[in-house]
Structure formats: C-alpha cells, structure tokens
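Engineer: For reference, the structure I am asking about is given below.
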Amino acid sequence: DRAPDGSRLWELVLDHPMTAYVPVQCEKCGRVVPDETDPRRSDADVGLREAPPTGDELELRSGWFRGPRGPVVFELTCPGCGHESRWYRSGHPRNLLNPNGRGRLCGDQEDLRLILAAYLGIQVRLVLPLDWDHVWSEFRGGDGGDGNDDSDENRRDGSAPWRVRDGSARNFCRRLDEGIGSWTGVLAVHPDPGLCGDVTGDYLGYGRDGGRADDVDDRDMERYRSAVRNARLDSTGGLTQAKTVVGHVLERTGLTREDVTALIRQAAVDHRDGKEWWRI
C-alpha cells in the first residue's frame, strides 16, 4: 500500500471478488433469480417462496429482495434444474463471505465492507438514497483520482476527500434514466455525528465542482435535478423507485439541507446514547 492513509489498500479490497456483488442464483446450476424492482413474474413463477425460520440461522435479518421482506427464509426450487435450496439475508461474516446460492446483494456488500473497514482502520460512511432501495459507501483518503474531487464540506475542514470507487454509485444521477422511478435525496450516515449529512447536492453535482458525478452533459444534469424535484412533489410516491414518500414528507416540512443534516447528526448522537426511538 503506497498511500499512507490506506486508500490504495481499500481500493484493492473494493475491487476484490470477495466484496463483489453476486446475484441470487441456484447453488447447483447457477441460474439467476431476477431481483426486479417491479417484478413482472411472481415469486412462484421464478420458483421462490418464503418459509419460517428454524432458529438455527446466523444473524437472520430483513432486507429487500424482489420487494421489501421481513426476516424470512427463502426456499428456491430452480426452474432450470429442479434443485431445491434454502437461504436468507444475513449480516454474519460466514454467510457474507460465502455467496453460493444466497448471493451477495448491495446491503450484504456494505455489511462486509464495514466489517473490513473497521478492522483496517479505514474511514467509511454509508450512503442511503431516499425512496430508492440501494446502499453504497464513501471512503476518505487519497487525492480523488477515481473521479472524485473534494466537496465543499471537505475543503472547509481540510480533511481528505470522500471518495466513491464504484462508478455506478458515483454517477447515481444517471440511474434516473433506467425508467424504474426516481430517488428524492441522498443521506450519508456514520456513528460519528460530524460525518453525517444530507449529500443530495453532491450526487446532483459535478466532480469538478465538488460533487460526485463524472462529466455529465449540462442538459442531462438539469433533467436529473428536475426529476428529483418532481418526485419530491409527488404525494403518492408513484414517481419513486420504492413507491415511498420520504422525500415528499421532507419537502412538505420545508426543511433545508442544513436542517436535515442537523437532524441526522442528532439522530446519530441519540442512537449512540441508546435512545431507541431513533431509527437510522
């Protein structure tokens, strides 16, 4: 690792197959189970059904797969080869490092990366888009050579830039062209309250100007900003990917970016102090 802050080592970890995204698939023949936002085929059509837990699962948790799910076990009968398998969403390292059959979805990826970042002493924070089911992370270090320049926040306090290794996440604004709905904001969270904040502007801004996105045509960027504004004004949630109204609620309250940042930071303080009424 040539960089004293460990950023080069972390880039290698992010690029390693052990932290890569792996789709859910038949553990025997490898047939992929499509994780569609708006499934055109039912669970039964793809050979999937929910089953009650047995109690022997390792860190069974809820999470999105073809829609929101509780802490359930999935049973898959592969339409291709007929093989039957069971799997579940889990935050346990034994499962995260073995995606055979169960896959390693975006939330699983970030669970594993947080474990590794804590061990290696890399500063990482989670990034959560509003009204869109996804999660990724930013890390601090290096000179932003992957297309990230320093944000206003970083320039003010003189710290290293927040960087996003994955191009799809860095250019999250481009995902508004996928035709599956819009997101309405982007939040960054971390146990340290000072590292939390509303970073929506960073993901609707150019890297050269302190944002995250690589070069995007000015007309496209204005179109992306307009899509986010319109989704925030939609009281039905129908314009969003997740069909939820978090961004609309924030819009109705009139809270500014600074207000939202202050609330998230207070939530981090309360969460740290054991005030369980906060849900981050």
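Letters for chains follow the order of the structure tokens (A, B, ...), residue numbers begin at 1 for each chain, and ligand numbers begin at 1 in the order shown.
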Output as JSON, numbers by chain all residues of range 150-212 of chain A that backbone DSSP marks as strand (DSSP E).
Structural biologist: {"A": [162, 163, 185, 186, 187, 188, 189, 197, 198]}
Engineer: Among range 32-266 of chain A, which residues carry a DSSP assignment of alpha helix (DSSP H), reported as a ChimeraX atom specification?
Structural biologist: /A:93-96,106-120,152-157,167-170,200-203,218-233,246-253,257-266
Engineer: Calculated over only C-alpha atoms, which of the candidates A:Arg86, A:His190, A:Arg8, A:Arg170 has the smallest distance to Val269 in chain A?
Structural biologist: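 Answer, going by the shortest atom-to-atom distance: A:His190.
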Engineer: At a cut-off of 9 Å, using only C-alpha atoms, what residues contact Asp111 in chain A? Leave out same-chain residues fewer than 6 positions from it and give the result as a list in words.
Structural biologist: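 My list of contacting residues is Gly91, His92, Pro93 and Leu96 of chain A.
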Engineer: Give me the residues near His134 in chain A as a PyMOL selection string, where near means some atom within 9 Å (using only C-alpha atoms) and where sequence neighbours in that chain fewer than 4 positions away do not count.
Structural biologist: chain A and resi 64+106-107+127-130
Engineer: Restricting the calculation to only C-alpha atoms, which member of A:Trp132, A:Ile264, A:Asp270, A:Thr256 is positioned closest to Gly238 in chain A?
Structural biologist: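 Among the listed residues, A:Trp132 lies closest to Gly238 in chain A.
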